$ cat protein-v4.tsv   # TSV, C-alpha atoms
chain	number	residue	atom	x	y	z
P	53	MET	CA	0.00	0.00	0.00
P	54	LEU	CA	1.34	3.42	-0.99
P	55	ASP	CA	0.36	6.64	0.79
P	56	VAL	CA	1.53	10.14	-0.08
P	57	LEU	CA	2.15	12.77	2.59
P	58	ASP	CA	1.48	16.30	1.36
P	59	LEU	CA	3.63	18.76	3.32
P	60	GLY	CA	3.19	21.86	1.22
P	61	GLU	CA	5.98	21.95	-1.36
P	62	LEU	CA	7.26	18.58	-0.18
P	63	HIS	CA	5.62	15.25	-0.94
P	64	ALA	CA	6.71	11.98	0.65
P	65	GLU	CA	5.80	8.50	-0.57
P	66	VAL	CA	5.03	6.07	2.26
P	67	THR	CA	5.20	2.30	1.89
P	68	ARG	CA	4.25	-0.17	4.63
P	69	LYS	CA	6.57	-3.06	5.37
P	70	ALA	CA	7.12	-5.75	7.98
P	71	ILE	CA	9.75	-3.68	9.81
P	72	LYS	CA	10.10	-2.27	13.34
P	73	HIS	CA	11.38	1.24	12.61
P	74	VAL	CA	10.78	4.06	10.14
P	75	HIS	CA	13.32	4.43	7.32
P	76	LEU	CA	13.57	7.78	5.57
P	77	SER	CA	15.31	8.15	2.20
P	78	VAL	CA	16.00	11.14	-0.04
P	79	LEU	CA	16.58	9.83	-3.55
P	80	PRO	CA	18.56	11.34	-6.43
P	81	PRO	CA	18.39	13.05	-8.81
P	82	ALA	CA	15.74	15.52	-7.63
P	83	GLY	CA	15.58	14.58	-3.95
P	84	LYS	CA	12.39	12.51	-3.96
P	85	VAL	CA	11.37	11.59	-0.39
P	86	ARG	CA	10.45	8.02	0.40
P	87	VAL	CA	9.44	6.55	3.78
P	88	ALA	CA	9.27	2.89	4.73
P	89	ALA	CA	7.18	2.44	7.87
P	90	PRO	CA	5.88	-0.43	10.02
P	91	GLN	CA	2.55	-1.72	8.80
P	92	SER	CA	0.68	-0.75	11.98
P	93	MET	CA	2.09	2.78	12.36
P	94	PRO	CA	-0.57	5.52	11.99
P	95	LEU	CA	-0.08	7.94	9.11
P	96	ASP	CA	-0.18	10.91	11.52
P	97	THR	CA	2.77	9.45	13.44
P	98	ILE	CA	4.70	9.08	10.20
P	99	ARG	CA	3.83	12.66	9.28
P	100	LEU	CA	5.24	13.96	12.57
P	101	PHE	CA	8.42	11.95	12.01
P	102	VAL	CA	8.92	13.40	8.52
P	103	VAL	CA	8.21	16.94	9.74
P	104	SER	CA	10.88	16.49	12.43
P	105	LYS	CA	13.38	15.64	9.67
P	106	LEU	CA	12.55	18.51	7.31
P	107	THR	CA	15.83	20.35	7.90
P	108	TRP	CA	17.82	17.20	7.07
P	109	ILE	CA	15.65	16.48	4.03
P	110	ARG	CA	16.18	19.98	2.62
P	111	SER	CA	19.92	19.67	3.20
P	112	GLN	CA	20.07	16.36	1.31
P	113	GLN	CA	18.01	17.75	-1.56
P	114	ARG	CA	20.32	20.77	-1.93
P	115	LYS	CA	23.37	18.49	-2.07
P	116	MET	CA	21.84	16.31	-4.77
P	117	GLN	CA	20.66	19.18	-6.90
P	118	SER	CA	24.09	20.84	-6.81
P	119	GLN	CA	26.06	17.66	-7.54
P	120	ALA	CA	28.16	17.78	-10.68
P	121	ARG	CA	26.87	15.79	-13.65
P	122	GLU	CA	28.78	14.21	-16.47
P	123	THR	CA	28.10	15.78	-19.83
P	124	PRO	CA	26.05	13.45	-22.06
P	125	ARG	CA	28.26	10.73	-23.54
P	126	GLU	CA	28.64	11.05	-27.32
P	127	PHE	CA	31.46	8.49	-27.74
P	128	LEU	CA	33.59	10.78	-29.85
P	129	ASN	CA	37.35	10.53	-30.11
P	130	LYS	CA	39.19	12.42	-27.35
P	131	GLU	CA	36.10	12.40	-25.12
P	132	SER	CA	37.04	12.02	-21.44
P	133	HIS	CA	36.22	8.78	-19.66
P	134	TYR	CA	37.33	7.60	-16.23
P	135	LEU	CA	38.53	4.40	-14.62
P	136	TRP	CA	39.27	4.26	-10.87
P	137	GLY	CA	39.38	8.04	-10.74
P	138	LYS	CA	41.88	8.45	-13.58
P	139	ARG	CA	41.03	10.26	-16.81
P	140	TYR	CA	41.48	8.64	-20.22
P	141	LEU	CA	40.80	9.95	-23.71
P	142	LEU	CA	38.52	7.79	-25.82
P	143	GLU	CA	39.67	6.42	-29.18
P	144	VAL	CA	37.06	4.51	-31.19
P	145	THR	CA	37.90	2.09	-33.99
P	146	HIS	CA	35.68	-0.15	-36.11
P	147	ALA	CA	36.11	-3.78	-37.17
P	148	ASP	CA	33.91	-6.74	-38.07
P	149	ALA	CA	34.79	-8.52	-34.85
P	150	ALA	CA	33.61	-8.83	-31.27
P	151	PRO	CA	33.79	-5.49	-29.41
P	152	THR	CA	36.77	-4.84	-27.18
P	153	VAL	CA	37.84	-2.20	-24.67
P	154	SER	CA	41.45	-1.69	-23.58
P	155	LEU	CA	43.69	0.92	-21.97
P	156	SER	CA	47.02	2.56	-22.48
P	157	ARG	CA	48.60	5.05	-20.12
P	158	ARG	CA	46.36	7.88	-21.32
P	159	LYS	CA	43.81	6.40	-23.71
P	160	LEU	CA	40.76	4.16	-23.56
P	161	TYR	CA	40.42	2.21	-26.79
P	162	MET	CA	37.02	0.89	-27.83
P	163	GLN	CA	36.58	-1.29	-30.90
P	164	VAL	CA	33.04	-1.83	-32.19
P	165	ARG	CA	31.44	-3.03	-35.40
P	166	PRO	CA	30.98	-0.46	-38.21
P	167	ASP	CA	27.19	-0.46	-37.83
P	168	ALA	CA	27.25	0.14	-34.05
P	169	ASP	CA	25.10	3.04	-32.84
P	170	GLN	CA	25.47	5.14	-29.69
P	171	ALA	CA	23.32	2.75	-27.65
P	172	ARG	CA	25.68	-0.09	-28.59
P	173	TYR	CA	28.73	2.00	-27.64
P	174	GLU	CA	27.21	2.60	-24.22
P	175	GLU	CA	26.30	-1.08	-23.82
P	176	VAL	CA	29.87	-2.17	-24.61
P	177	LEU	CA	31.45	0.33	-22.25
P	178	ASP	CA	28.98	-0.41	-19.43
P	179	ALA	CA	29.76	-4.13	-19.73
P	180	TRP	CA	33.46	-3.34	-19.47
P	181	TYR	CA	32.95	-1.15	-16.40
P	182	ARG	CA	30.81	-3.87	-14.82
P	183	GLN	CA	33.63	-6.36	-15.30
P	184	GLN	CA	36.14	-3.97	-13.70
P	185	VAL	CA	34.00	-3.85	-10.55
P	186	ARG	CA	33.53	-7.63	-10.58
P	187	ASP	CA	37.28	-8.14	-10.87
P	188	ALA	CA	37.92	-5.82	-7.90
P	189	VAL	CA	35.39	-7.46	-5.57
P	190	PRO	CA	37.16	-10.73	-4.58
P	191	ALA	CA	40.25	-9.06	-3.09
P	192	LEU	CA	38.07	-6.66	-1.11
P	193	LEU	CA	35.90	-9.50	0.19
P	194	ASP	CA	39.01	-11.45	1.18
P	195	LYS	CA	40.18	-8.40	3.13
P	196	TRP	CA	36.96	-7.32	4.83
P	197	GLN	CA	34.82	-10.39	5.44
P	198	PRO	CA	37.28	-11.90	7.98
P	199	LEU	CA	37.69	-8.53	9.70
P	200	LEU	CA	33.94	-8.04	10.04
P	201	GLY	CA	33.11	-11.69	10.67
P	202	VAL	CA	30.48	-11.77	7.93
P	203	LYS	CA	30.04	-13.43	4.55
P	204	ALA	CA	28.08	-12.15	1.58
P	205	ASN	CA	26.26	-14.96	-0.21
P	206	ARG	CA	26.41	-13.14	-3.55
P	207	VAL	CA	27.63	-9.80	-4.88
P	208	PHE	CA	25.84	-8.46	-7.94
P	209	VAL	CA	27.17	-5.62	-10.09
P	210	GLN	CA	24.58	-3.66	-12.01
P	211	ARG	CA	23.65	-0.23	-13.21
P	212	MET	CA	21.78	1.56	-10.42
P	213	LYS	CA	20.11	4.93	-10.80
P	214	THR	CA	19.60	5.94	-7.18
P	215	LYS	CA	22.21	4.14	-5.08
P	216	TRP	CA	25.90	3.31	-5.06
P	217	GLY	CA	25.12	-0.02	-3.40
P	218	SER	CA	22.53	-1.98	-1.47
P	219	CYS	CA	22.31	-4.98	0.86
P	220	THR	CA	19.56	-7.48	1.60
P	221	PRO	CA	20.61	-8.87	5.00
P	222	ASP	CA	18.08	-11.73	4.98
P	223	SER	CA	19.56	-13.21	1.80
P	224	GLY	CA	23.12	-11.97	2.23
P	225	TYR	CA	22.96	-10.40	-1.23
P	226	ILE	CA	24.91	-7.22	-1.98
P	227	ARG	CA	24.54	-5.06	-5.07
P	228	LEU	CA	27.13	-2.59	-6.32
P	229	ASN	CA	26.71	0.14	-8.90
P	230	THR	CA	28.62	-0.35	-12.16
P	231	ASP	CA	29.65	3.32	-12.06
P	232	LEU	CA	31.87	2.68	-9.03
P	233	ALA	CA	34.52	1.64	-11.57
P	234	LYS	CA	34.79	5.30	-12.57
P	235	LYS	CA	35.50	6.51	-9.04
P	236	PRO	CA	38.70	6.26	-6.97
P	237	PRO	CA	39.23	2.71	-5.60
P	238	GLU	CA	38.80	3.83	-1.99
P	239	CYS	CA	35.24	4.92	-2.82
P	240	MET	CA	34.26	1.43	-3.95
P	241	GLU	CA	35.93	-0.03	-0.85
P	242	TYR	CA	33.86	2.28	1.35
P	243	ILE	CA	30.61	1.24	-0.36
P	244	LEU	CA	31.40	-2.48	-0.09
P	245	VAL	CA	32.31	-2.15	3.61
P	246	HIS	CA	29.11	-0.14	4.16
P	247	GLU	CA	27.04	-2.96	2.66
P	248	LEU	CA	28.94	-5.70	4.53
P	249	VAL	CA	28.29	-3.88	7.83
P	250	HIS	CA	24.57	-4.11	7.01
P	251	LEU	CA	24.97	-7.88	7.47
P	252	LEU	CA	25.72	-7.05	11.12
P	253	GLU	CA	23.24	-4.18	11.49
P	254	PRO	CA	20.45	-3.90	8.89
P	255	THR	CA	19.47	-0.29	9.68
P	256	HIS	CA	21.39	2.98	9.75
P	257	SER	CA	21.28	2.98	13.53
P	258	ALA	CA	23.76	4.31	16.08
P	259	ARG	CA	25.25	0.81	16.18
P	260	PHE	CA	25.72	0.85	12.42
P	261	SER	CA	27.52	4.23	12.56
P	262	ALA	CA	29.72	2.98	15.40
P	263	LEU	CA	30.71	-0.13	13.43
P	264	ILE	CA	31.54	1.87	10.30
P	265	ALA	CA	33.61	4.30	12.37
P	266	LEU	CA	35.43	1.41	14.04
P	267	TYR	CA	36.50	-0.26	10.81
P	268	LEU	CA	36.67	2.80	8.52
P	269	PRO	CA	37.52	5.82	10.71
P	270	ASN	CA	37.62	8.08	7.62
P	271	TRP	CA	34.26	6.92	6.25
P	272	GLN	CA	32.72	10.39	6.35
P	273	HIS	CA	35.55	11.77	4.22
P	274	LEU	CA	35.10	8.91	1.75
P	275	ARG	CA	31.34	9.46	1.56
P	276	LYS	CA	31.86	13.17	0.99
P	277	GLN	CA	34.46	12.46	-1.68
P	278	LEU	CA	32.14	10.06	-3.49
P	279	ASN	CA	29.16	12.38	-3.40
P	280	GLN	CA	31.20	15.32	-4.73
P	281	LEU	CA	32.29	13.40	-7.82
P	282	PRO	CA	30.33	13.76	-11.06
P	283	VAL	CA	27.56	11.24	-11.60
P	284	ARG	CA	25.84	10.10	-14.77
P	285	HIS	CA	24.18	12.83	-16.75
P	286	GLU	CA	20.76	11.17	-16.67
P	287	ASP	CA	20.94	9.90	-13.12
P	288	TRP	CA	21.20	11.35	-9.92
P	289	GLY	CA	24.49	9.88	-3.37
P	290	TYR	CA	24.71	7.78	-0.83

$ encode --input "protein-v4.tsv" --output "C-alpha cells"
Amino acid sequence: MLDVLDLGELHAEVTRKAIKHVHLSVLPPAGKVRVAAPQSMPLDTIRLFVVSKLTWIRSQQRKMQSQARETPREFLNKESHYLWGKRYLLEVTHADAAPTVSLSRRKLYMQVRPDADQARYEEVLDAWYRQQVRDAVPALLDKWQPLLGVKANRVFVQRMKTKWGSCTPDSGYIRLNTDLAKKPPECMEYILVHELVHLLEPTHSARFSALIALYLPNWQHLRKQLNQLPVRHEDWGY
C-alpha cells in the first residue's frame, strides 16, 4: 500500500513493510522523499516523524541538486572517460569482430562493429565497467569479510540509478553500482564495507555508525568524496 504525505511543497511516498522502525530516504536526482514504515504505524505518526526531519531532508536535496553531472556521452574521439578516478581519452575504432575495450597510459580504446550506434557503444562500455568492478570485488571481500566476521552470499554488479550499493541482510545479497569503476578505488571499498556492515546491522542505527567508524575511521571523508564526484548525466548519493 502506498500513501503520499502532502507537506506543502514537499511530498513523501510512504510504503508499509514488515519492519520495526521508520526508514527515511532522499533519492537522487531531484531529492524525492520516500518513507518505509511499520505496517501498523498511523499515518499521523509518520507525518510527525517526517516533519521532524525537514531540515535534514532539505539539506540532502540541496546536495543532490548541486552535484556535478557528467556531460552526455557522445562516444567521440578524445572524449574524457574515467577508470578508478583516472582520466582517459577515448579512441574509437571499427572492425567486423567482437567489441573490445582496452587501456594505455592515457587512452581508452574501444573497438566496435561499423554499424554500431550510440546505444551499442554505451552497452559495450557499461559491460566493461561492470567487469572492472567484478574483478575488484574478490580481493576486497578477502580483506573485509574476515575482519567483520560476515560473509556475503552473492555480490551483484549492475547499473543503479539511485544508489551506489545496497544490501539485503536476509539473503546476504549485496549489489554494487557499475559506475563505481569510474570513481577512486577507496570509494568502492567504502561502499562495499558499508554494505557488509549491514549484514551485522540492517538499519542505519547508532550501532551501524559505530561499526563503520570502528572499521573505517575516515568513512565520512570517503562518503563526501564520493558524493562530490560527477555522476551520470541522466541519473542522480549515498

$ residues_around --input "protein-v4.tsv" --residues "P:Lys159" --least-positions-apart "3" --cutoff "7 Å" --atoms "only C-alpha atoms" --output "VMD selection string"
chain P and resid 140 to 143 155 to 156

$ residues_around --input "protein-v4.tsv" --residues "P:Lys203" --least-positions-apart "3" --cutoff "10 Å" --atoms "only C-alpha atoms" --output "NGL selection string"
:P and (193-194 or 196-198 or 200 or 206 or 224-225 or 248 or 251)

$ write_last_selection --input "protein-v4.tsv" --atoms "C-alpha atoms" --output "short mmCIF file (atom, residue, chain, number, x, y, z; two decimals), in the coordinates of the input"
data_model
loop_
_atom_site.label_atom_id
_atom_site.label_comp_id
_atom_site.auth_asym_id
_atom_site.auth_seq_id
_atom_site.Cartn_x
_atom_site.Cartn_y
_atom_site.Cartn_z
CA LEU P 193 35.90 -9.50 0.19
CA ASP P 194 39.01 -11.45 1.18
CA TRP P 196 36.96 -7.32 4.83
CA GLN P 197 34.82 -10.39 5.44
CA PRO P 198 37.28 -11.90 7.98
CA LEU P 200 33.94 -8.04 10.04
CA ARG P 206 26.41 -13.14 -3.55
CA GLY P 224 23.12 -11.97 2.23
CA TYR P 225 22.96 -10.40 -1.23
CA LEU P 248 28.94 -5.70 4.53
CA LEU P 251 24.97 -7.88 7.47
#

$ atom_distance --input "protein-v4.tsv" --atom1 "atom CA of P:Trp136" --atom2 "atom CA of P:Pro237"
5.5 Å

$ closest_residue --input "protein-v4.tsv" --among "P:His256, P:Ala233, P:Val78, P:Ser154" --to "P:Glu65" --atoms "only C-alpha atoms"
P:Val78

$ residues_around --input "protein-v4.tsv" --residues "P:Asn229" --least-positions-apart "2" --cutoff "8 Å" --atoms "only C-alpha atoms" --output "JSON, numbers by chain"
{"P": [209, 210, 211, 212, 215, 216, 217, 227, 231, 232]}

$ write_last_selection --input "protein-v4.tsv" --atoms "C-alpha atoms" --output "PDB file, in the frame of the given file"
ATOM      1  CA  VAL P 209      27.170  -5.620 -10.090  1.00  0.00           C
ATOM      2  CA  GLN P 210      24.580  -3.660 -12.010  1.00  0.00           C
ATOM      3  CA  ARG P 211      23.650  -0.230 -13.210  1.00  0.00           C
ATOM      4  CA  MET P 212      21.780   1.560 -10.420  1.00  0.00           C
ATOM      5  CA  LYS P 215      22.210   4.140  -5.080  1.00  0.00           C
ATOM      6  CA  TRP P 216      25.900   3.310  -5.060  1.00  0.00           C
ATOM      7  CA  GLY P 217      25.120  -0.020  -3.400  1.00  0.00           C
ATOM      8  CA  ARG P 227      24.540  -5.060  -5.070  1.00  0.00           C
ATOM      9  CA  ASP P 231      29.650   3.320 -12.060  1.00  0.00           C
ATOM     10  CA  LEU P 232      31.870   2.680  -9.030  1.00  0.00           C
TER      11      LEU P 232
END

$ residues_around --input "protein-v4.tsv" --residues "P:Ser132" --least-positions-apart "2" --cutoff "12 Å" --atoms "all atoms listed in the file" --output "list of chain:residue names"
P:Glu122, P:Thr123, P:Pro124, P:Arg125, P:Glu126, P:Phe127, P:Leu128, P:Asn129, P:Lys130, P:Tyr134, P:Leu135, P:Gly137, P:Lys138, P:Arg139, P:Tyr140, P:Leu141, P:Leu142, P:Glu143, P:Arg158, P:Lys159, P:Leu160, P:Tyr161, P:Lys234

$ atom_distance --input "protein-v4.tsv" --atom1 "atom CA of P:Leu106" --atom2 "atom CA of P:Leu79"
14.5 Å

$ atom_distance --input "protein-v4.tsv" --atom1 "atom CA of P:Arg68" --atom2 "atom CA of P:Ala89"
5.1 Å

$ closest_residue --input "protein-v4.tsv" --among "P:Lys195, P:Lys84, P:His246, P:Lys105" --to "P:Arg275" --atoms "only C-alpha atoms"
P:His246
